[in-house]
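First up is the structure itself, then whatever we jot down about it.
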Amino acid sequence: MLIDLTDQPIDVAAVLQAAESDEAGAVNAFVGTVRNRSEGRRVVRLHYEAYPPMAVHQLRRVAEMAQEKWPVLRQVAVVHRHGTLEIGDVAVVVAVSTPHRADSFAACQFIIDTLKEVVPIWKKEEYEDGTVWVSAHP
Amino acid sequence: MLIDLTDQPIDVAAVLQAAESDEAGAVNAFVGTVRNRSEGRRVVRLHYEAYPPMAVHQLRRVAEMAQEKWPVLRQVAVVHRHGTLEIGDVAVVVAVSTPHRADSFAACQFIIDTLKEVVPIWKKEEYEDGTVWVSAHP
Amino acid sequence: MINVALFGIAREIVGQSSLALPAGEGQSVGELLATLRTRYPELGRLRSLAVAVNNEYAGAEVALHERDEIALIPPVSGG
Amino acid sequence: MINVALFGIAREIVGQSSLALPAGEGQSVGELLATLRTRYPELGRLRSLAVAVNNEYAGAEVALHERDEIALIPPVSGG
């Protein structure tokens, strides 16, 4: 299992490689990148703030929950970046391997969906005319 | 759109990069690798035979079908290898980008599922004591 | 004459990578399949057997012409 | 005293990255949240507000101790 929170650019290929296994023919990977638009507004850049010890702990818990739900899971790799990110930068990579492909899609989607609900990382979008903490208000 | 059939090792990172887009925050990628077991038998290596012009044409059609089903799809990249592959080698990479993540999972899964049904590529598994054309017989 | 390209297990069953047939033996896709199944009974034991004409899957009623690129497609197993 | 670490919009609302509170103002997670919402009404307008104790989310009834690592968790938005 590879779990990491980093303020450096993420090496996507290395994360995928960490998820590969000779016993598992299917690797599914989700890569979250910084979009140039959000709900119709032009985004200039993003700032990710993290609560590092809890973020790493919760990333690991999410990976462990996936392993419980999919005992066939062979490898799990999750790396999240924090700090200031420019358009096109990679913010998060989740990669999993399973013997058969349907499980790899389901487990990867579970991990990114759950990560977004529980991992203490906060995204502030910067526009040309201001900033907003994403999803902070109803 | 990147569509390729190659007898050389696939550069997974390059395929993912081809799928990235400043307009799309979500990239989903499926990587199929050669497993060391298949239905309980130890696999030594795999041989993929392709009908190249039709395989490339059908790969392109599958990608176009995905673009029709998911008009939000920004980029599609599909690369399949043929020839002799060893355990752990990458046989296929599918990568797509969409503005929101659920679409990226669904579109990528549609492409690999449909590819496996229609693209004229044949896999022969080599065991220590023989070979079998996969799925040839009922 | 029509030329039929063979791949995978179909190539192994026939023992060669293409077949040249007098046009009369395969005027349509359905007739071609019937001819080949009669001549090579093992083809009939496959999970499926399709014919591609000019890179597209072709239904049984499709007529075959000498210039067409024709291929026999046993069950695919890519990915 | 208990120390509460603050992040994201909660840090901006309070105007500092941690708060030290007399233990009496937050003997439980629920009491801590009530105290903070009273003192900083803008916290009450957030979509959610949770408390983490030693890296785990904690329910309202959990008791707080001086040595605990306590953090206020506004709506997360990673990924």
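All residue names refer to the structure tokens as shown: chains lettered A, B, ... in order, residues numbered from 1 in each chain, ligands numbered from 1 in order.
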Please check the contacts: residues of chain A at most 7 Å away from chain B, using only C-alpha atoms, listed as a PDB file with N, CA, C and O atoms, in the first residue's frame.
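Saved file result.pdb follows:
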ATOM      1  N   ALA A  13       3.057   8.085 -13.121  1.00  0.00           N
ATOM      2  CA  ALA A  13       3.521   6.765 -13.552  1.00  0.00           C
ATOM      3  C   ALA A  13       4.013   5.942 -12.361  1.00  0.00           C
ATOM      4  O   ALA A  13       3.781   4.729 -12.291  1.00  0.00           O
ATOM      5  N   ASP A  22       1.733  -8.799 -10.271  1.00  0.00           N
ATOM      6  CA  ASP A  22       1.735  -9.922 -11.214  1.00  0.00           C
ATOM      7  C   ASP A  22       0.479 -10.776 -11.089  1.00  0.00           C
ATOM      8  O   ASP A  22       0.128 -11.519 -11.997  1.00  0.00           O
ATOM      9  N   GLU A  23      -0.187 -10.672  -9.922  1.00  0.00           N
ATOM     10  CA  GLU A  23      -1.380 -11.488  -9.683  1.00  0.00           C
ATOM     11  C   GLU A  23      -2.661 -10.807 -10.152  1.00  0.00           C
ATOM     12  O   GLU A  23      -3.730 -11.393 -10.101  1.00  0.00           O
ATOM     13  N   ALA A  24      -2.541  -9.545 -10.542  1.00  0.00           N
ATOM     14  CA  ALA A  24      -3.729  -8.759 -10.852  1.00  0.00           C
ATOM     15  C   ALA A  24      -3.615  -8.216 -12.258  1.00  0.00           C
ATOM     16  O   ALA A  24      -2.693  -7.474 -12.575  1.00  0.00           O
ATOM     17  N   GLY A  25      -4.550  -8.613 -13.127  1.00  0.00           N
ATOM     18  CA  GLY A  25      -4.467  -8.175 -14.511  1.00  0.00           C
ATOM     19  C   GLY A  25      -5.061  -6.814 -14.770  1.00  0.00           C
ATOM     20  O   GLY A  25      -4.878  -6.258 -15.851  1.00  0.00           O
ATOM     21  N   ALA A  26      -5.792  -6.249 -13.785  1.00  0.00           N
ATOM     22  CA  ALA A  26      -6.510  -5.000 -14.019  1.00  0.00           C
ATOM     23  C   ALA A  26      -6.045  -3.911 -13.069  1.00  0.00           C
ATOM     24  O   ALA A  26      -6.048  -4.097 -11.855  1.00  0.00           O
ATOM     25  N   VAL A  27      -5.630  -2.801 -13.630  1.00  0.00           N
ATOM     26  CA  VAL A  27      -5.304  -1.626 -12.819  1.00  0.00           C
ATOM     27  C   VAL A  27      -6.261  -0.518 -13.233  1.00  0.00           C
ATOM     28  O   VAL A  27      -6.390  -0.226 -14.425  1.00  0.00           O
ATOM     29  N   ASN A  28      -6.950   0.072 -12.262  1.00  0.00           N
ATOM     30  CA  ASN A  28      -7.734   1.260 -12.574  1.00  0.00           C
ATOM     31  C   ASN A  28      -7.140   2.427 -11.809  1.00  0.00           C
ATOM     32  O   ASN A  28      -6.749   2.291 -10.647  1.00  0.00           O
ATOM     33  N   ALA A  29      -7.046   3.553 -12.507  1.00  0.00           N
ATOM     34  CA  ALA A  29      -6.458   4.736 -11.890  1.00  0.00           C
ATOM     35  C   ALA A  29      -7.358   5.937 -12.121  1.00  0.00           C
ATOM     36  O   ALA A  29      -7.915   6.118 -13.210  1.00  0.00           O
ATOM     37  N   PHE A  30      -7.502   6.743 -11.084  1.00  0.00           N
ATOM     38  CA  PHE A  30      -8.188   8.017 -11.215  1.00  0.00           C
ATOM     39  C   PHE A  30      -7.168   9.116 -10.968  1.00  0.00           C
ATOM     40  O   PHE A  30      -6.413   9.067  -9.986  1.00  0.00           O
ATOM     41  N   VAL A  31      -7.137  10.083 -11.881  1.00  0.00           N
ATOM     42  CA  VAL A  31      -6.225  11.220 -11.750  1.00  0.00           C
ATOM     43  C   VAL A  31      -7.090  12.481 -11.716  1.00  0.00           C
ATOM     44  O   VAL A  31      -7.835  12.746 -12.668  1.00  0.00           O
ATOM     45  N   GLY A  32      -6.997  13.220 -10.630  1.00  0.00           N
ATOM     46  CA  GLY A  32      -7.724  14.484 -10.534  1.00  0.00           C
ATOM     47  C   GLY A  32      -6.777  15.629 -10.858  1.00  0.00           C
ATOM     48  O   GLY A  32      -5.718  15.750 -10.252  1.00  0.00           O
ATOM     49  N   THR A  33      -7.171  16.437 -11.853  1.00  0.00           N
ATOM     50  CA  THR A  33      -6.303  17.555 -12.255  1.00  0.00           C
ATOM     51  C   THR A  33      -7.048  18.874 -12.037  1.00  0.00           C
ATOM     52  O   THR A  33      -8.268  18.892 -11.859  1.00  0.00           O
ATOM     53  N   VAL A  34      -6.324  19.962 -12.086  1.00  0.00           N
ATOM     54  CA  VAL A  34      -6.925  21.284 -11.859  1.00  0.00           C
ATOM     55  C   VAL A  34      -7.552  21.776 -13.153  1.00  0.00           C
ATOM     56  O   VAL A  34      -6.862  21.936 -14.164  1.00  0.00           O
ATOM     57  N   ARG A  35      -8.872  21.989 -13.102  1.00  0.00           N
ATOM     58  CA  ARG A  35      -9.614  22.476 -14.263  1.00  0.00           C
ATOM     59  C   ARG A  35      -9.541  23.990 -14.388  1.00  0.00           C
ATOM     60  O   ARG A  35      -9.464  24.695 -13.375  1.00  0.00           O
ATOM     61  N   ASN A  36      -9.673  24.473 -15.603  1.00  0.00           N
ATOM     62  CA  ASN A  36      -9.646  25.928 -15.813  1.00  0.00           C
ATOM     63  C   ASN A  36     -11.014  26.598 -15.593  1.00  0.00           C
ATOM     64  O   ASN A  36     -11.132  27.807 -15.682  1.00  0.00           O
ATOM     65  N   ARG A  37     -12.039  25.801 -15.304  1.00  0.00           N
ATOM     66  CA  ARG A  37     -13.362  26.373 -15.029  1.00  0.00           C
ATOM     67  C   ARG A  37     -13.999  25.613 -13.882  1.00  0.00           C
ATOM     68  O   ARG A  37     -13.779  24.420 -13.723  1.00  0.00           O
ATOM     69  N   ILE A  87      -3.313  25.338 -13.283  1.00  0.00           N
ATOM     70  CA  ILE A  87      -4.211  24.618 -14.194  1.00  0.00           C
ATOM     71  C   ILE A  87      -3.463  23.434 -14.831  1.00  0.00           C
ATOM     72  O   ILE A  87      -2.341  23.588 -15.314  1.00  0.00           O
ATOM     73  N   GLY A  88      -4.100  22.274 -14.829  1.00  0.00           N
ATOM     74  CA  GLY A  88      -3.495  21.092 -15.428  1.00  0.00           C
ATOM     75  C   GLY A  88      -2.665  20.270 -14.447  1.00  0.00           C
ATOM     76  O   GLY A  88      -2.358  19.115 -14.725  1.00  0.00           O
ATOM     77  N   PHE A 105     -12.556  -0.955 -11.232  1.00  0.00           N
ATOM     78  CA  PHE A 105     -13.321   0.284 -11.405  1.00  0.00           C
ATOM     79  C   PHE A 105     -14.084   0.619 -10.127  1.00  0.00           C
ATOM     80  O   PHE A 105     -14.082   1.756  -9.653  1.00  0.00           O
TER      81      PHE A 105
END
Q | Within 8 Å of stretch 57-59 of chain C using only C-alpha atoms, minus same-chain residues under 5 positions, as a PyMOL selection string | A | chain C and resi 29-30+50-52
Next, the residues of the selection above should be written as a CSV table (one decimal), in the first residue's frame with all heavy atoms.
chain,number,residue,atom,x,y,z
C,29,VAL,N,-22.2,-13.5,-47.1
C,29,VAL,CA,-21.5,-13.9,-45.8
C,29,VAL,C,-22.0,-15.2,-45.3
C,29,VAL,O,-21.3,-16.1,-44.8
C,29,VAL,CB,-21.7,-12.8,-44.8
C,29,VAL,CG1,-21.3,-13.2,-43.4
C,29,VAL,CG2,-20.8,-11.6,-45.2
C,30,GLY,N,-23.3,-15.4,-45.3
C,30,GLY,CA,-23.9,-16.6,-44.8
C,30,GLY,C,-23.5,-17.8,-45.6
C,30,GLY,O,-23.2,-18.9,-45.0
C,50,ALA,N,-17.6,-14.8,-36.9
C,50,ALA,CA,-18.1,-13.7,-37.6
C,50,ALA,C,-17.3,-13.5,-38.9
C,50,ALA,O,-16.2,-14.0,-39.0
C,50,ALA,CB,-18.1,-12.4,-36.8
C,51,VAL,N,-17.9,-12.7,-39.8
C,51,VAL,CA,-17.1,-12.3,-41.0
C,51,VAL,C,-17.0,-10.8,-41.0
C,51,VAL,O,-18.0,-10.1,-40.7
C,51,VAL,CB,-17.8,-12.8,-42.2
C,51,VAL,CG1,-17.2,-12.2,-43.5
C,51,VAL,CG2,-17.8,-14.3,-42.3
C,52,ALA,N,-15.8,-10.3,-41.3
C,52,ALA,CA,-15.6,-8.8,-41.5
C,52,ALA,C,-15.4,-8.5,-42.9
C,52,ALA,O,-14.7,-9.3,-43.6
C,52,ALA,CB,-14.5,-8.4,-40.7
Report as JSON lines: every residue of chain A with an atom at most 12 Å from chain D, its closest pair of atoms, and their distance in Å to one decimal, counting only C-alpha atoms, with rows sorted by chain and ascending residue number.
{"residue": "A:Leu5", "atom": "CA", "partner": "D:Gly78", "partner_atom": "CA", "distance": 11.4}
{"residue": "A:Phe30", "atom": "CA", "partner": "D:Gly79", "partner_atom": "CA", "distance": 10.0}
{"residue": "A:Val31", "atom": "CA", "partner": "D:Gly79", "partner_atom": "CA", "distance": 9.0}
{"residue": "A:Gly32", "atom": "CA", "partner": "D:Gly79", "partner_atom": "CA", "distance": 6.4}
{"residue": "A:Thr33", "atom": "CA", "partner": "D:Gly79", "partner_atom": "CA", "distance": 8.7}
{"residue": "A:Val34", "atom": "CA", "partner": "D:Gly79", "partner_atom": "CA", "distance": 9.9}
{"residue": "A:Leu46", "atom": "CA", "partner": "D:Gly78", "partner_atom": "CA", "distance": 11.2}
{"residue": "A:His47", "atom": "CA", "partner": "D:Gly8", "partner_atom": "CA", "distance": 10.0}
{"residue": "A:Tyr48", "atom": "CA", "partner": "D:Gly78", "partner_atom": "CA", "distance": 7.5}
{"residue": "A:Glu49", "atom": "CA", "partner": "D:Gly8", "partner_atom": "CA", "distance": 6.5}
{"residue": "A:Ala50", "atom": "CA", "partner": "D:Phe7", "partner_atom": "CA", "distance": 7.7}
{"residue": "A:Tyr51", "atom": "CA", "partner": "D:Phe7", "partner_atom": "CA", "distance": 7.2}
{"residue": "A:Pro52", "atom": "CA", "partner": "D:Asn55", "partner_atom": "CA", "distance": 9.6}
{"residue": "A:Pro53", "atom": "CA", "partner": "D:Asn55", "partner_atom": "CA", "distance": 7.0}
{"residue": "A:Met54", "atom": "CA", "partner": "D:Asn55", "partner_atom": "CA", "distance": 4.5}
{"residue": "A:Ala55", "atom": "CA", "partner": "D:Asn55", "partner_atom": "CA", "distance": 8.0}
{"residue": "A:Val56", "atom": "CA", "partner": "D:Asn55", "partner_atom": "CA", "distance": 9.2}
{"residue": "A:His57", "atom": "CA", "partner": "D:Asn55", "partner_atom": "CA", "distance": 6.8}
{"residue": "A:Gln58", "atom": "CA", "partner": "D:Asn55", "partner_atom": "CA", "distance": 7.7}
{"residue": "A:Leu59", "atom": "CA", "partner": "D:Gly78", "partner_atom": "CA", "distance": 11.0}
{"residue": "A:Arg60", "atom": "CA", "partner": "D:Asn55", "partner_atom": "CA", "distance": 11.6}
{"residue": "A:Arg61", "atom": "CA", "partner": "D:Glu56", "partner_atom": "CA", "distance": 10.1}
{"residue": "A:Val78", "atom": "CA", "partner": "D:Gly79", "partner_atom": "CA", "distance": 10.5}
{"residue": "A:Val79", "atom": "CA", "partner": "D:Gly79", "partner_atom": "CA", "distance": 9.9}
{"residue": "A:His80", "atom": "CA", "partner": "D:Gly79", "partner_atom": "CA", "distance": 7.3}
{"residue": "A:Arg81", "atom": "CA", "partner": "D:Gly79", "partner_atom": "CA", "distance": 9.0}
{"residue": "A:His82", "atom": "CA", "partner": "D:Gly78", "partner_atom": "CA", "distance": 9.1}
{"residue": "A:Gly83", "atom": "CA", "partner": "D:Gly78", "partner_atom": "CA", "distance": 11.8}
{"residue": "A:Val90", "atom": "CA", "partner": "D:Gly79", "partner_atom": "CA", "distance": 9.8}
{"residue": "A:Ala91", "atom": "CA", "partner": "D:Gly79", "partner_atom": "CA", "distance": 6.6}
{"residue": "A:Val92", "atom": "CA", "partner": "D:Gly79", "partner_atom": "CA", "distance": 5.7}
{"residue": "A:Val93", "atom": "CA", "partner": "D:Gly79", "partner_atom": "CA", "distance": 8.5}
{"residue": "A:Val94", "atom": "CA", "partner": "D:Gly79", "partner_atom": "CA", "distance": 9.6}
{"residue": "A:Gln109", "atom": "CA", "partner": "D:Gly79", "partner_atom": "CA", "distance": 11.8}
{"residue": "A:Ile111", "atom": "CA", "partner": "D:Gly79", "partner_atom": "CA", "distance": 10.3}
{"residue": "A:Ile112", "atom": "CA", "partner": "D:Gly79", "partner_atom": "CA", "distance": 7.0}
{"residue": "A:Asp113", "atom": "CA", "partner": "D:Gly79", "partner_atom": "CA", "distance": 8.6}
{"residue": "A:Thr114", "atom": "CA", "partner": "D:Gly79", "partner_atom": "CA", "distance": 9.8}
{"residue": "A:Leu115", "atom": "CA", "partner": "D:Gly79", "partner_atom": "CA", "distance": 7.0}
{"residue": "A:Lys116", "atom": "CA", "partner": "D:Gly78", "partner_atom": "CA", "distance": 5.4}
{"residue": "A:Glu117", "atom": "CA", "partner": "D:Val76", "partner_atom": "CA", "distance": 6.6}
{"residue": "A:Val118", "atom": "CA", "partner": "D:Val76", "partner_atom": "CA", "distance": 6.9}
{"residue": "A:Val119", "atom": "CA", "partner": "D:Val76", "partner_atom": "CA", "distance": 6.8}
{"residue": "A:Pro120", "atom": "CA", "partner": "D:Val76", "partner_atom": "CA", "distance": 5.6}
{"residue": "A:Ile121", "atom": "CA", "partner": "D:Gly78", "partner_atom": "CA", "distance": 4.8}
{"residue": "A:Trp122", "atom": "CA", "partner": "D:Ser77", "partner_atom": "CA", "distance": 4.8}
{"residue": "A:Lys123", "atom": "CA", "partner": "D:Ser77", "partner_atom": "CA", "distance": 5.5}
{"residue": "A:Lys124", "atom": "CA", "partner": "D:Gly8", "partner_atom": "CA", "distance": 8.1}
{"residue": "A:Glu125", "atom": "CA", "partner": "D:Ser77", "partner_atom": "CA", "distance": 10.7}
{"residue": "A:Thr131", "atom": "CA", "partner": "D:Ile9", "partner_atom": "CA", "distance": 11.1}
{"residue": "A:Val132", "atom": "CA", "partner": "D:Ile9", "partner_atom": "CA", "distance": 9.1}
{"residue": "A:Trp133", "atom": "CA", "partner": "D:Ile9", "partner_atom": "CA", "distance": 6.5}
{"residue": "A:Val134", "atom": "CA", "partner": "D:Ser77", "partner_atom": "CA", "distance": 6.2}
{"residue": "A:Ser135", "atom": "CA", "partner": "D:Pro75", "partner_atom": "CA", "distance": 6.5}
{"residue": "A:Ala136", "atom": "CA", "partner": "D:Pro75", "partner_atom": "CA", "distance": 5.3}
{"residue": "A:His137", "atom": "CA", "partner": "D:Arg47", "partner_atom": "CA", "distance": 4.7}
{"residue": "A:Pro138", "atom": "CA", "partner": "D:Arg47", "partner_atom": "CA", "distance": 4.8}
All strand (DSSP E or B) residues (DSSP, backbone) inside stretch 69-116 of chain B, as a PDB file with N, CA, C and O atoms, in the first residue's frame:
ATOM      1  N   GLN B  75     -11.158  13.979 -23.836  1.00  0.00           N
ATOM      2  CA  GLN B  75     -10.093  13.278 -24.539  1.00  0.00           C
ATOM      3  C   GLN B  75     -10.284  11.779 -24.353  1.00  0.00           C
ATOM      4  O   GLN B  75     -10.774  11.347 -23.315  1.00  0.00           O
ATOM      5  N   VAL B  76      -9.867  11.024 -25.371  1.00  0.00           N
ATOM      6  CA  VAL B  76      -9.878   9.565 -25.298  1.00  0.00           C
ATOM      7  C   VAL B  76      -8.543   9.076 -25.841  1.00  0.00           C
ATOM      8  O   VAL B  76      -8.098   9.533 -26.898  1.00  0.00           O
ATOM      9  N   ALA B  77      -7.927   8.162 -25.134  1.00  0.00           N
ATOM     10  CA  ALA B  77      -6.690   7.550 -25.618  1.00  0.00           C
ATOM     11  C   ALA B  77      -6.794   6.040 -25.386  1.00  0.00           C
ATOM     12  O   ALA B  77      -7.135   5.606 -24.285  1.00  0.00           O
ATOM     13  N   VAL B  78      -6.557   5.275 -26.436  1.00  0.00           N
ATOM     14  CA  VAL B  78      -6.610   3.808 -26.320  1.00  0.00           C
ATOM     15  C   VAL B  78      -5.416   3.239 -27.074  1.00  0.00           C
ATOM     16  O   VAL B  78      -5.242   3.501 -28.270  1.00  0.00           O
ATOM     17  N   VAL B  79      -4.593   2.485 -26.370  1.00  0.00           N
ATOM     18  CA  VAL B  79      -3.437   1.843 -27.006  1.00  0.00           C
ATOM     19  C   VAL B  79      -3.441   0.369 -26.627  1.00  0.00           C
ATOM     20  O   VAL B  79      -3.539   0.027 -25.438  1.00  0.00           O
ATOM     21  N   HIS B  80      -3.369  -0.488 -27.628  1.00  0.00           N
ATOM     22  CA  HIS B  80      -3.339  -1.931 -27.394  1.00  0.00           C
ATOM     23  C   HIS B  80      -2.041  -2.480 -27.965  1.00  0.00           C
ATOM     24  O   HIS B  80      -1.607  -2.082 -29.039  1.00  0.00           O
ATOM     25  N   ARG B  81      -1.446  -3.389 -27.240  1.00  0.00           N
ATOM     26  CA  ARG B  81      -0.216  -4.012 -27.717  1.00  0.00           C
ATOM     27  C   ARG B  81      -0.522  -5.364 -28.333  1.00  0.00           C
ATOM     28  O   ARG B  81      -1.503  -6.016 -27.960  1.00  0.00           O
ATOM     29  N   GLY B  83       1.656  -9.084 -30.113  1.00  0.00           N
ATOM     30  CA  GLY B  83       2.931  -9.792 -30.059  1.00  0.00           C
ATOM     31  C   GLY B  83       3.023 -10.599 -28.779  1.00  0.00           C
ATOM     32  O   GLY B  83       2.014 -10.894 -28.141  1.00  0.00           O
ATOM     33  N   THR B  84       4.233 -10.957 -28.401  1.00  0.00           N
ATOM     34  CA  THR B  84       4.446 -11.789 -27.211  1.00  0.00           C
ATOM     35  C   THR B  84       4.678 -10.909 -25.993  1.00  0.00           C
ATOM     36  O   THR B  84       5.517 -10.014 -26.023  1.00  0.00           O
ATOM     37  N   LEU B  85       3.895 -11.155 -24.927  1.00  0.00           N
ATOM     38  CA  LEU B  85       4.008 -10.358 -23.698  1.00  0.00           C
ATOM     39  C   LEU B  85       4.355 -11.264 -22.526  1.00  0.00           C
ATOM     40  O   LEU B  85       3.840 -12.372 -22.405  1.00  0.00           O
ATOM     41  N   GLU B  86       5.214 -10.732 -21.656  1.00  0.00           N
ATOM     42  CA  GLU B  86       5.612 -11.475 -20.465  1.00  0.00           C
ATOM     43  C   GLU B  86       4.725 -11.051 -19.288  1.00  0.00           C
ATOM     44  O   GLU B  86       4.035 -10.035 -19.344  1.00  0.00           O
ATOM     45  N   VAL B  90       2.245  -4.578 -19.921  1.00  0.00           N
ATOM     46  CA  VAL B  90       0.987  -3.875 -20.167  1.00  0.00           C
ATOM     47  C   VAL B  90       0.461  -4.251 -21.545  1.00  0.00           C
ATOM     48  O   VAL B  90       1.144  -4.083 -22.551  1.00  0.00           O
ATOM     49  N   ALA B  91      -0.789  -4.771 -21.580  1.00  0.00           N
ATOM     50  CA  ALA B  91      -1.388  -5.184 -22.847  1.00  0.00           C
ATOM     51  C   ALA B  91      -2.261  -4.085 -23.443  1.00  0.00           C
ATOM     52  O   ALA B  91      -2.361  -3.958 -24.664  1.00  0.00           O
ATOM     53  N   VAL B  92      -2.912  -3.302 -22.573  1.00  0.00           N
ATOM     54  CA  VAL B  92      -3.840  -2.281 -23.076  1.00  0.00           C
ATOM     55  C   VAL B  92      -3.938  -1.140 -22.067  1.00  0.00           C
ATOM     56  O   VAL B  92      -3.865  -1.369 -20.850  1.00  0.00           O
ATOM     57  N   VAL B  93      -4.067   0.065 -22.589  1.00  0.00           N
ATOM     58  CA  VAL B  93      -4.332   1.232 -21.743  1.00  0.00           C
ATOM     59  C   VAL B  93      -5.481   2.015 -22.370  1.00  0.00           C
ATOM     60  O   VAL B  93      -5.459   2.311 -23.568  1.00  0.00           O
ATOM     61  N   VAL B  94      -6.485   2.302 -21.546  1.00  0.00           N
ATOM     62  CA  VAL B  94      -7.588   3.178 -21.957  1.00  0.00           C
ATOM     63  C   VAL B  94      -7.580   4.353 -20.990  1.00  0.00           C
ATOM     64  O   VAL B  94      -7.531   4.148 -19.777  1.00  0.00           O
ATOM     65  N   ALA B  95      -7.599   5.576 -21.497  1.00  0.00           N
ATOM     66  CA  ALA B  95      -7.643   6.750 -20.618  1.00  0.00           C
ATOM     67  C   ALA B  95      -8.602   7.770 -21.203  1.00  0.00           C
ATOM     68  O   ALA B  95      -8.600   8.002 -22.418  1.00  0.00           O
ATOM     69  N   VAL B  96      -9.438   8.341 -20.336  1.00  0.00           N
ATOM     70  CA  VAL B  96     -10.421   9.338 -20.785  1.00  0.00           C
ATOM     71  C   VAL B  96     -10.435  10.491 -19.792  1.00  0.00           C
ATOM     72  O   VAL B  96     -10.104  10.314 -18.617  1.00  0.00           O
ATOM     73  N   SER B  97     -10.832  11.651 -20.277  1.00  0.00           N
ATOM     74  CA  SER B  97     -11.002  12.781 -19.359  1.00  0.00           C
ATOM     75  C   SER B  97     -12.386  13.388 -19.539  1.00  0.00           C
ATOM     76  O   SER B  97     -12.915  13.452 -20.648  1.00  0.00           O
ATOM     77  N   THR B  98     -12.941  13.800 -18.390  1.00  0.00           N
ATOM     78  CA  THR B  98     -14.264  14.428 -18.357  1.00  0.00           C
ATOM     79  C   THR B  98     -14.224  15.519 -17.284  1.00  0.00           C
ATOM     80  O   THR B  98     -13.370  15.485 -16.393  1.00  0.00           O
TER      81      THR B  98
END
Q: Taking the DSSP assignment computed from this structure's backbone, write out as a ChimeraX atom specification all residues of chain A that belong to alpha helix (DSSP H).
A: /A:12-19,52-69,101-118
